[in-house]
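Raw target25.pdb, PDB, C-alpha atoms and all ligand atoms:
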```pdb
ATOM      1  CA  MET V   1      51.982 -59.567 -10.410
ATOM      2  CA  GLU V   2      55.756 -59.897 -10.147
ATOM      3  CA  ARG V   3      57.063 -57.491 -12.771
ATOM      4  CA  VAL V   4      56.547 -53.771 -12.321
ATOM      5  CA  GLY V   5      57.267 -50.838 -14.625
ATOM      6  CA  ILE V   6      57.261 -47.278 -13.283
ATOM      7  CA  ILE V   7      56.601 -44.263 -15.507
ATOM      8  CA  GLY V   8      57.884 -41.114 -13.783
ATOM      9  CA  THR V   9      60.391 -41.447 -10.966
ATOM     10  CA  GLY V  10      60.085 -38.082  -9.212
ATOM     11  CA  ASN V  11      59.360 -37.795  -5.476
ATOM     12  CA  MET V  12      56.483 -40.235  -5.381
ATOM     13  CA  GLY V  13      57.814 -42.574  -8.084
ATOM     14  CA  GLU V  14      61.027 -42.995  -6.091
ATOM     15  CA  SER V  15      59.074 -43.595  -2.848
ATOM     16  CA  ILE V  16      56.981 -46.228  -4.626
ATOM     17  CA  LEU V  17      60.155 -47.841  -5.933
ATOM     18  CA  LYS V  18      61.605 -47.981  -2.394
ATOM     19  CA  ALA V  19      58.355 -49.511  -1.126
ATOM     20  CA  LEU V  20      58.499 -52.213  -3.817
ATOM     21  CA  LEU V  21      62.110 -53.042  -3.009
ATOM     22  CA  LYS V  22      61.316 -53.264   0.712
ATOM     23  CA  ASN V  23      58.484 -55.580  -0.234
ATOM     24  CA  ASN V  24      61.038 -57.891  -1.829
ATOM     25  CA  VAL V  25      60.150 -57.245  -5.451
ATOM     26  CA  ALA V  26      63.354 -58.299  -7.238
ATOM     27  CA  LYS V  27      65.376 -55.513  -8.880
ATOM     28  CA  LYS V  28      65.455 -57.481 -12.130
ATOM     29  CA  ASN V  29      61.642 -57.346 -12.171
ATOM     30  CA  ILE V  30      61.451 -53.558 -11.995
ATOM     31  CA  CYS V  31      62.095 -51.137 -14.835
ATOM     32  CA  PHE V  32      61.314 -47.468 -15.326
ATOM     33  CA  ILE V  33      60.988 -44.562 -17.726
ATOM     34  CA  GLU V  34      61.915 -41.071 -16.598
ATOM     35  CA  ALA V  35      61.840 -37.890 -18.670
ATOM     36  CA  LYS V  36      64.622 -36.061 -16.795
ATOM     37  CA  LYS V  37      68.061 -37.457 -17.601
ATOM     38  CA  ASP V  38      69.722 -36.554 -14.289
ATOM     39  CA  ARG V  39      66.792 -38.053 -12.398
ATOM     40  CA  ALA V  40      66.943 -41.242 -14.515
ATOM     41  CA  ASP V  41      70.687 -41.564 -13.854
ATOM     42  CA  HIS V  42      70.116 -41.098 -10.120
ATOM     43  CA  ILE V  43      67.457 -43.841 -10.041
ATOM     44  CA  ALA V  44      69.450 -46.311 -12.170
ATOM     45  CA  ASN V  45      72.672 -45.732 -10.195
ATOM     46  CA  THR V  46      71.107 -45.691  -6.721
ATOM     47  CA  TYR V  47      68.807 -48.685  -7.061
ATOM     48  CA  GLY V  48      70.391 -50.729  -9.860
ATOM     49  CA  ILE V  49      67.175 -51.114 -11.844
ATOM     50  CA  ASP V  50      66.841 -50.940 -15.631
ATOM     51  CA  GLU V  51      65.850 -47.773 -17.405
ATOM     52  CA  VAL V  52      63.912 -48.341 -20.621
ATOM     53  CA  ARG V  53      63.330 -45.765 -23.325
ATOM     54  CA  GLU V  54      59.856 -46.492 -24.676
ATOM     55  CA  VAL V  55      56.472 -47.321 -23.170
ATOM     56  CA  PRO V  56      55.963 -50.465 -25.380
ATOM     57  CA  GLU V  57      59.196 -51.968 -23.992
ATOM     58  CA  LEU V  58      58.157 -51.117 -20.424
ATOM     59  CA  ALA V  59      54.721 -52.693 -21.009
ATOM     60  CA  LYS V  60      56.331 -55.865 -22.404
ATOM     61  CA  ARG V  61      58.542 -56.164 -19.318
ATOM     62  CA  SER V  62      55.775 -55.466 -16.777
ATOM     63  CA  ASP V  63      52.634 -57.003 -15.311
ATOM     64  CA  ALA V  64      51.749 -53.816 -13.455
ATOM     65  CA  ILE V  65      52.521 -50.373 -14.853
ATOM     66  CA  ILE V  66      52.664 -47.590 -12.283
ATOM     67  CA  LEU V  67      51.922 -44.139 -13.625
ATOM     68  CA  ALA V  68      53.567 -41.581 -11.335
ATOM     69  CA  VAL V  69      53.698 -38.461 -13.506
ATOM     70  CA  LYS V  70      51.981 -35.166 -12.647
ATOM     71  CA  PRO V  71      48.243 -35.075 -13.434
ATOM     72  CA  GLN V  72      48.847 -32.422 -16.133
ATOM     73  CA  ASP V  73      51.057 -34.917 -18.043
ATOM     74  CA  ALA V  74      48.273 -37.547 -18.168
ATOM     75  CA  SER V  75      46.909 -36.521 -21.550
ATOM     76  CA  LYS V  76      50.349 -36.829 -23.176
ATOM     77  CA  ILE V  77      51.269 -40.238 -21.779
ATOM     78  CA  LEU V  78      47.940 -42.111 -21.543
ATOM     79  CA  PRO V  79      47.296 -42.530 -25.300
ATOM     80  CA  ASP V  80      50.842 -43.893 -25.581
ATOM     81  CA  ILE V  81      50.167 -46.343 -22.745
ATOM     82  CA  ALA V  82      46.815 -47.336 -24.286
ATOM     83  CA  SER V  83      48.485 -48.343 -27.538
ATOM     84  CA  SER V  84      51.181 -50.435 -25.788
ATOM     85  CA  ILE V  85      49.320 -52.086 -22.944
ATOM     86  CA  THR V  86      47.878 -55.592 -23.275
ATOM     87  CA  ASP V  87      45.039 -57.346 -21.442
ATOM     88  CA  SER V  88      47.583 -58.932 -19.114
ATOM     89  CA  ASN V  89      48.811 -55.530 -17.883
ATOM     90  CA  ILE V  90      47.198 -53.532 -15.102
ATOM     91  CA  LEU V  91      47.712 -49.786 -14.973
ATOM     92  CA  ILE V  92      48.186 -48.387 -11.467
ATOM     93  CA  SER V  93      47.710 -44.626 -11.374
ATOM     94  CA  ILE V  94      48.823 -42.505  -8.435
ATOM     95  CA  MET V  95      47.866 -39.232 -10.131
ATOM     96  CA  ALA V  96      45.872 -37.065  -7.730
ATOM     97  CA  GLY V  97      42.414 -36.105  -8.898
ATOM     98  CA  ILE V  98      42.295 -38.152 -12.109
ATOM     99  CA  THR V  99      39.427 -40.614 -11.786
ATOM    100  CA  ILE V 100      39.366 -44.062 -13.359
ATOM    101  CA  PRO V 101      36.613 -43.061 -15.867
ATOM    102  CA  LYS V 102      38.738 -40.028 -16.810
ATOM    103  CA  ILE V 103      41.851 -42.196 -17.278
ATOM    104  CA  ILE V 104      39.910 -44.542 -19.547
ATOM    105  CA  SER V 105      38.407 -41.639 -21.452
ATOM    106  CA  ILE V 106      41.834 -39.993 -22.058
ATOM    107  CA  ALA V 107      43.337 -43.364 -22.977
ATOM    108  CA  GLY V 108      40.571 -43.824 -25.525
ATOM    109  CA  ARG V 109      40.047 -47.510 -24.838
ATOM    110  CA  PRO V 110      39.127 -49.798 -21.932
ATOM    111  CA  LEU V 111      42.027 -50.462 -19.568
ATOM    112  CA  ARG V 112      42.265 -52.413 -16.332
ATOM    113  CA  VAL V 113      43.061 -49.677 -13.831
ATOM    114  CA  VAL V 114      43.857 -49.506 -10.131
ATOM    115  CA  ARG V 115      43.911 -46.047  -8.613
ATOM    116  CA  MET V 116      46.107 -45.615  -5.613
ATOM    117  CA  MET V 117      46.510 -42.592  -3.346
ATOM    118  CA  PRO V 118      49.601 -42.928  -1.171
ATOM    119  CA  ASN V 119      50.908 -40.367   1.260
ATOM    120  CA  LEU V 120      54.574 -39.509   1.529
ATOM    121  CA  ALA V 121      55.058 -41.649   4.646
ATOM    122  CA  ILE V 122      55.283 -44.761   2.446
ATOM    123  CA  LYS V 123      58.950 -43.640   2.376
ATOM    124  CA  VAL V 124      59.307 -44.900   5.937
ATOM    125  CA  ASN V 125      56.853 -47.817   5.653
ATOM    126  CA  GLU V 126      54.252 -45.935   7.691
ATOM    127  CA  GLY V 127      52.158 -44.662   4.823
ATOM    128  CA  VAL V 128      48.440 -44.610   4.189
ATOM    129  CA  ILE V 129      47.433 -45.905   0.771
ATOM    130  CA  GLY V 130      43.862 -45.628  -0.509
ATOM    131  CA  MET V 131      43.137 -48.086  -3.334
ATOM    132  CA  THR V 132      40.276 -48.646  -5.706
ATOM    133  CA  ALA V 133      39.982 -50.678  -8.901
ATOM    134  CA  SER V 134      37.973 -50.660 -12.114
ATOM    135  CA  ALA V 135      35.284 -53.353 -12.313
ATOM    136  CA  ASP V 136      37.326 -55.548 -14.659
ATOM    137  CA  VAL V 137      40.243 -55.960 -12.226
ATOM    138  CA  SER V 138      39.690 -59.384 -10.631
ATOM    139  CA  ALA V 139      39.707 -59.790  -6.849
ATOM    140  CA  ASP V 140      42.876 -61.915  -7.191
ATOM    141  CA  ASP V 141      44.698 -59.264  -9.216
ATOM    142  CA  PHE V 142      43.580 -56.534  -6.808
ATOM    143  CA  SER V 143      44.920 -58.512  -3.825
ATOM    144  CA  ALA V 144      48.171 -59.167  -5.706
ATOM    145  CA  ILE V 145      48.580 -55.418  -6.220
ATOM    146  CA  LYS V 146      47.769 -54.695  -2.595
ATOM    147  CA  SER V 147      50.365 -57.218  -1.510
ATOM    148  CA  LEU V 148      53.022 -55.428  -3.603
ATOM    149  CA  PHE V 149      52.650 -52.535  -1.141
ATOM    150  CA  SER V 150      51.786 -54.435   2.021
ATOM    151  CA  ARG V 151      54.943 -53.297   3.831
ATOM    152  CA  ALA V 152      54.521 -49.637   2.890
ATOM    153  CA  GLY V 153      51.859 -48.916   5.500
ATOM    154  CA  LEU V 154      48.107 -49.131   5.933
ATOM    155  CA  ILE V 155      46.219 -50.034   2.768
ATOM    156  CA  VAL V 156      42.622 -48.859   2.780
ATOM    157  CA  ASP V 157      40.251 -50.341   0.251
ATOM    158  CA  VAL V 158      37.780 -47.615  -0.774
ATOM    159  CA  ASP V 159      35.137 -46.880  -3.387
ATOM    160  CA  GLU V 160      36.354 -44.303  -5.865
ATOM    161  CA  VAL V 161      33.878 -41.779  -4.458
ATOM    162  CA  HIS V 162      35.992 -41.765  -1.268
ATOM    163  CA  MET V 163      39.318 -41.103  -2.999
ATOM    164  CA  ASP V 164      39.021 -37.337  -2.348
ATOM    165  CA  ALA V 165      38.587 -38.094   1.349
ATOM    166  CA  ILE V 166      41.744 -40.238   1.249
ATOM    167  CA  THR V 167      43.592 -37.425  -0.534
ATOM    168  CA  SER V 168      42.609 -35.053   2.255
ATOM    169  CA  LEU V 169      42.729 -37.200   5.408
ATOM    170  CA  GLY V 170      45.612 -39.390   4.241
ATOM    171  CA  ALA V 171      47.798 -37.248   1.995
ATOM    172  CA  SER V 172      47.158 -33.626   3.116
ATOM    173  CA  SER V 173      46.699 -34.167   6.862
ATOM    174  CA  PRO V 174      50.407 -34.721   7.532
ATOM    175  CA  ALA V 175      50.844 -31.027   6.634
ATOM    176  CA  PHE V 176      48.108 -30.008   9.107
ATOM    177  CA  PHE V 177      49.693 -32.126  11.757
ATOM    178  CA  LEU V 178      53.124 -30.609  11.031
ATOM    179  CA  LEU V 179      51.622 -27.150  11.520
ATOM    180  CA  PHE V 180      50.311 -28.281  14.915
ATOM    181  CA  LEU V 181      53.765 -29.620  15.793
ATOM    182  CA  GLU V 182      55.391 -26.375  14.681
ATOM    183  CA  ALA V 183      52.941 -24.487  16.923
ATOM    184  CA  MET V 184      53.867 -26.713  19.880
ATOM    185  CA  ILE V 185      57.551 -25.980  19.341
ATOM    186  CA  ASP V 186      56.904 -22.230  19.077
ATOM    187  CA  ALA V 187      54.765 -22.447  22.226
ATOM    188  CA  GLY V 188      57.633 -24.124  24.049
ATOM    189  CA  VAL V 189      59.914 -21.258  23.010
ATOM    190  CA  HIS V 190      57.223 -18.750  24.010
ATOM    191  CA  ILE V 191      57.133 -20.147  27.550
ATOM    192  CA  GLY V 192      60.892 -19.983  27.835
ATOM    193  CA  LEU V 193      62.379 -23.274  26.604
ATOM    194  CA  PRO V 194      65.369 -23.321  24.269
ATOM    195  CA  ARG V 195      64.193 -24.178  20.732
ATOM    196  CA  ASP V 196      66.083 -27.484  20.477
ATOM    197  CA  LYS V 197      64.583 -28.699  23.760
ATOM    198  CA  ALA V 198      61.094 -27.507  22.767
ATOM    199  CA  LYS V 199      61.457 -29.472  19.511
ATOM    200  CA  ALA V 200      62.760 -32.642  21.188
ATOM    201  CA  ILE V 201      59.973 -32.562  23.803
ATOM    202  CA  SER V 202      57.223 -31.907  21.245
ATOM    203  CA  ILE V 203      58.323 -34.758  18.963
ATOM    204  CA  GLN V 204      58.681 -37.161  21.886
ATOM    205  CA  VAL V 205      55.196 -36.199  23.142
ATOM    206  CA  VAL V 206      53.756 -37.175  19.764
ATOM    207  CA  ARG V 207      55.759 -40.406  19.595
ATOM    208  CA  GLY V 208      54.820 -41.402  23.156
ATOM    209  CA  THR V 209      51.136 -40.576  22.674
ATOM    210  CA  ILE V 210      50.880 -42.695  19.514
ATOM    211  CA  GLU V 211      52.730 -45.550  21.212
ATOM    212  CA  MET V 212      50.307 -45.453  24.189
ATOM    213  CA  LEU V 213      47.307 -45.429  21.851
ATOM    214  CA  GLU V 214      48.698 -48.422  19.957
ATOM    215  CA  GLN V 215      49.433 -50.382  23.102
ATOM    216  CA  ASP V 216      46.210 -49.582  24.971
ATOM    217  CA  GLN V 217      43.953 -49.740  21.885
ATOM    218  CA  ILE V 218      41.562 -47.142  23.252
ATOM    219  CA  HIS V 219      39.850 -44.174  21.633
ATOM    220  CA  PRO V 220      41.876 -40.901  21.800
ATOM    221  CA  ALA V 221      39.020 -39.194  23.685
ATOM    222  CA  LEU V 222      39.280 -41.765  26.503
ATOM    223  CA  MET V 223      43.029 -41.341  26.766
ATOM    224  CA  ARG V 224      42.594 -37.569  26.860
ATOM    225  CA  GLU V 225      40.114 -37.913  29.736
ATOM    226  CA  MET V 226      42.662 -40.022  31.616
ATOM    227  CA  ILE V 227      45.180 -37.163  31.561
ATOM    228  CA  THR V 228      42.667 -34.393  32.306
ATOM    229  CA  SER V 229      42.283 -34.045  36.061
ATOM    230  CA  PRO V 230      39.610 -31.771  37.609
ATOM    231  CA  GLY V 231      40.804 -28.210  37.981
ATOM    232  CA  GLY V 232      44.215 -29.156  36.582
ATOM    233  CA  THR V 233      46.616 -27.777  34.012
ATOM    234  CA  THR V 234      45.413 -29.881  31.081
ATOM    235  CA  ILE V 235      41.783 -28.797  31.320
ATOM    236  CA  SER V 236      42.907 -25.146  31.341
ATOM    237  CA  GLY V 237      44.706 -25.655  28.045
ATOM    238  CA  LEU V 238      41.867 -27.741  26.562
ATOM    239  CA  ALA V 239      39.312 -25.080  27.506
ATOM    240  CA  SER V 240      41.357 -22.499  25.646
ATOM    241  CA  LEU V 241      41.645 -24.725  22.550
ATOM    242  CA  GLU V 242      37.910 -25.367  22.527
ATOM    243  CA  ALA V 243      37.125 -21.664  23.032
ATOM    244  CA  ASN V 244      38.996 -21.166  19.763
ATOM    245  CA  ALA V 245      37.097 -23.975  18.033
ATOM    246  CA  PHE V 246      40.160 -26.214  17.724
ATOM    247  CA  LYS V 247      38.219 -29.338  16.714
ATOM    248  CA  GLY V 248      35.938 -27.406  14.366
ATOM    249  CA  ASN V 249      38.951 -25.835  12.664
ATOM    250  CA  ILE V 250      40.576 -29.217  12.061
ATOM    251  CA  ILE V 251      37.345 -30.705  10.737
ATOM    252  CA  GLU V 252      36.923 -27.720   8.428
ATOM    253  CA  ALA V 253      40.511 -27.933   7.149
ATOM    254  CA  ILE V 254      40.129 -31.606   6.263
ATOM    255  CA  GLU V 255      36.768 -30.935   4.635
ATOM    256  CA  LYS V 256      38.228 -28.015   2.626
ATOM    257  CA  ALA V 257      41.096 -30.185   1.369
ATOM    258  CA  ALA V 258      38.635 -32.917   0.319
ATOM    259  CA  LEU V 259      36.476 -30.351  -1.506
ATOM    260  CA  ARG V 260      39.547 -29.012  -3.296
ATOM    261  CA  ALA V 261      40.511 -32.568  -4.327
ATOM    262  CA  LYS V 262      36.992 -32.975  -5.714
ATOM    263  CA  GLU V 263      37.227 -29.653  -7.592
ATOM    264  CA  LEU V 264      40.558 -30.698  -9.133
ATOM    265  CA  SER V 265      39.140 -34.005 -10.319
ATOM    266  CA  SER V 266      36.046 -32.552 -11.993
TER     267      SER V 266
HETATM  268  N1  LIG P   1      53.624 -35.739  -3.451
HETATM  269  C1  LIG P   1      52.678 -36.370  -2.819
HETATM  270  O1  LIG P   1      52.566 -36.372  -1.592
HETATM  271  C2  LIG P   1      51.678 -37.190  -3.624
HETATM  272  C3  LIG P   1      50.790 -38.020  -2.945
HETATM  273  C4  LIG P   1      49.933 -38.821  -3.703
HETATM  274  C5  LIG P   1      49.963 -38.771  -5.079
HETATM  275  N2  LIG P   1      50.814 -37.945  -5.720
HETATM  276  C6  LIG P   1      50.829 -37.938  -7.183
HETATM  277  O2  LIG P   1      52.068 -38.492  -7.588
HETATM  278  C7  LIG P   1      52.348 -38.020  -8.912
HETATM  279  C8  LIG P   1      53.805 -37.667  -8.986
HETATM  280  O3  LIG P   1      54.071 -36.587  -8.099
HETATM  281  P1  LIG P   1      55.566 -36.149  -7.787
HETATM  282  O4  LIG P   1      55.497 -35.160  -6.707
HETATM  283  O5  LIG P   1      56.420 -37.366  -7.639
HETATM  284  O6  LIG P   1      55.947 -35.430  -9.204
HETATM  285  P2  LIG P   1      57.383 -35.180  -9.823
HETATM  286  O7  LIG P   1      58.407 -35.087  -8.744
HETATM  287  O8  LIG P   1      57.246 -34.072 -10.815
HETATM  288  O9  LIG P   1      57.691 -36.536 -10.620
HETATM  289  C9  LIG P   1      57.185 -36.876 -11.889
HETATM  290  C10 LIG P   1      58.371 -37.229 -12.772
HETATM  291  O10 LIG P   1      57.865 -37.830 -13.968
HETATM  292  C11 LIG P   1      58.562 -37.280 -15.075
HETATM  293  N3  LIG P   1      57.732 -37.409 -16.278
HETATM  294  C12 LIG P   1      56.757 -36.590 -16.762
HETATM  295  N4  LIG P   1      56.223 -37.102 -17.898
HETATM  296  C13 LIG P   1      56.893 -38.261 -18.143
HETATM  297  C14 LIG P   1      56.793 -39.226 -19.172
HETATM  298  N5  LIG P   1      55.905 -39.110 -20.167
HETATM  299  N6  LIG P   1      57.614 -40.292 -19.125
HETATM  300  C15 LIG P   1      58.523 -40.436 -18.103
HETATM  301  N7  LIG P   1      58.675 -39.524 -17.115
HETATM  302  C16 LIG P   1      57.849 -38.463 -17.112
HETATM  303  C17 LIG P   1      58.765 -35.839 -14.663
HETATM  304  O11 LIG P   1      59.760 -35.214 -15.467
HETATM  305  P3  LIG P   1      59.487 -33.654 -15.890
HETATM  306  O12 LIG P   1      59.447 -32.872 -14.619
HETATM  307  O13 LIG P   1      60.654 -33.344 -16.764
HETATM  308  O14 LIG P   1      58.163 -33.638 -16.606
HETATM  309  C18 LIG P   1      59.187 -36.000 -13.203
HETATM  310  O15 LIG P   1      60.572 -36.268 -13.066
HETATM  311  C19 LIG P   1      51.395 -36.862  -9.195
HETATM  312  O16 LIG P   1      50.417 -37.256 -10.120
HETATM  313  C20 LIG P   1      50.776 -36.578  -7.845
HETATM  314  O17 LIG P   1      49.427 -36.145  -7.987
HETATM  315  C21 LIG P   1      51.693 -37.168  -5.014
END
```

Transcribe the structure of this file into structure tokens.
Amino acid sequence: MERVGIIGTGNMGESILKALLKNNVAKKNICFIEAKKDRADHIANTYGIDEVREVPELAKRSDAIILAVKPQDASKILPDIASSITDSNILISIMAGITIPKIISIAGRPLRVVRMMPNLAIKVNEGVIGMTASADVSADDFSAIKSLFSRAGLIVDVDEVHMDAITSLGASSPAFFLLFLEAMIDAGVHIGLPRDKAKAISIQVVRGTIEMLEQDQIHPALMREMITSPGGTTISGLASLEANAFKGNIIEAIEKAALRAKELSS
């Protein structure tokens, strides 16, 4: 699974490309097709990889073909891919909400497909990537594809039925977390800190907490208990959060996002 072709090099396509390069896939083994000329020039000039014009040429030069266009463009490009792809190619789709049976139905013929749901943090090698494969992708090919992205973050092997959960917990949650961080910074300002200091403290609190969790390998609830002394400051804040159903709100937000992902894929 050495040669990779990317169709669509927007935000995610470029992040995938960076992940492949960091994973030591040789530039000469990567090619791409991009509809926007300025975007194509940017990719070719920045990364020194070959742009190709047509899907058949990309398929000939690739073992794995990564489809990174918007879901609404699937019906235009998939029949084209279906007529160019051979049995030695595997199609890797990152399109949100388009299931493997749907991909095969739009393509109009059986294809070997891996569906992958990355979050944006693959940009910094700290991503979460949910992956699932059609039944005719062998275990060896599936592991070869997983190893293409092994340095991009945590790869989670899931059944397709759980892809909506990955979309929510993996891909949407960073936005929920950013809202929480924004609230911390505003709170710091509210209690009198200059904004730059409130921001620096809030970010460092997050970084330090994650680092402690990684080093101590304990459940977050246990760590929280360790910093919650009887009658202290922390329990006062926690009591207020719980009075406003903090945990319930987070659970509901993640559930809502998963339901929306399901709606979009039906
Ligand atoms: N953003 C995320 O966090 C995230 C996470 C997981 C998965 N995804 C999925 O990743 C996919 C890409 O998202 P994105 O945000 O990167 O979109 P994007 O920035 O719009 O990138 C897609 C690029 O593909 C080009 N394109 C469209 N049809 C093409 C074709 N037939 N041949 C070659 N290029 C073509 C588009 O050009 P035009 O604009 O001119 O059409 C655009 O430059 C989506 O399916 C999305 O669901 C995104």

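Using all atoms listed in the file for every distance, the candidate list V:Leu213, V:Glu2, V:Glu160, V:Ser173 yields V:Ser173 as the residue closest to ligand LIG 1 (chain P).
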
| request: Can you pull out every residue within 7 Å of Pro118 in chain V, counting all atoms listed in the file, but drop anything in the same chain fewer than 6 positions away, and send it as a PyMOL selection string? | output: chain V and resi 127-130+171

Take every atom of ligand LIG 1 (chain P) listed in the file, pad by 4 Å on each side, and give me the axis-aligned box centre and edge lengths in Å, one decimal, as lines of an AutoDock Vina configuration file.
```
center_x = 55.0
center_y = -36.7
center_z = -10.9
size_x = 19.2
size_y = 15.6
size_z = 26.6
```

Selection under test: the PyMOL selection byres (((chain V and resi 98) around 9) and not hetatm); residues as a PDB file with C-alpha atoms, in the frame of the given file:
```pdb
ATOM      1  CA  PRO V  71      48.243 -35.075 -13.434  1.00  0.00           C
ATOM      2  CA  ALA V  74      48.273 -37.547 -18.168  1.00  0.00           C
ATOM      3  CA  SER V  93      47.710 -44.626 -11.374  1.00  0.00           C
ATOM      4  CA  ILE V  94      48.823 -42.505  -8.435  1.00  0.00           C
ATOM      5  CA  MET V  95      47.866 -39.232 -10.131  1.00  0.00           C
ATOM      6  CA  ALA V  96      45.872 -37.065  -7.730  1.00  0.00           C
ATOM      7  CA  GLY V  97      42.414 -36.105  -8.898  1.00  0.00           C
ATOM      8  CA  THR V  99      39.427 -40.614 -11.786  1.00  0.00           C
ATOM      9  CA  ILE V 100      39.366 -44.062 -13.359  1.00  0.00           C
ATOM     10  CA  PRO V 101      36.613 -43.061 -15.867  1.00  0.00           C
ATOM     11  CA  LYS V 102      38.738 -40.028 -16.810  1.00  0.00           C
ATOM     12  CA  ILE V 103      41.851 -42.196 -17.278  1.00  0.00           C
ATOM     13  CA  ARG V 115      43.911 -46.047  -8.613  1.00  0.00           C
ATOM     14  CA  LEU V 264      40.558 -30.698  -9.133  1.00  0.00           C
ATOM     15  CA  SER V 265      39.140 -34.005 -10.319  1.00  0.00           C
ATOM     16  CA  SER V 266      36.046 -32.552 -11.993  1.00  0.00           C
TER      17      SER V 266
END
```

| message | Taking all atoms listed in the file and a cut-off of 7 Å, can you tell me which residues surround ligand LIG 1 (chain P), written as a PyMOL selection string? | response | chain V and resi 7-13+33-36+39+68-71+73+76-77+94-96+117-120+171

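The nearest approach to Ala139 in chain V among the residues V:Arg61, V:Leu181, V:Asp157, V:Ile122, with all atoms listed in the file taken into account, belongs to V:Asp157.
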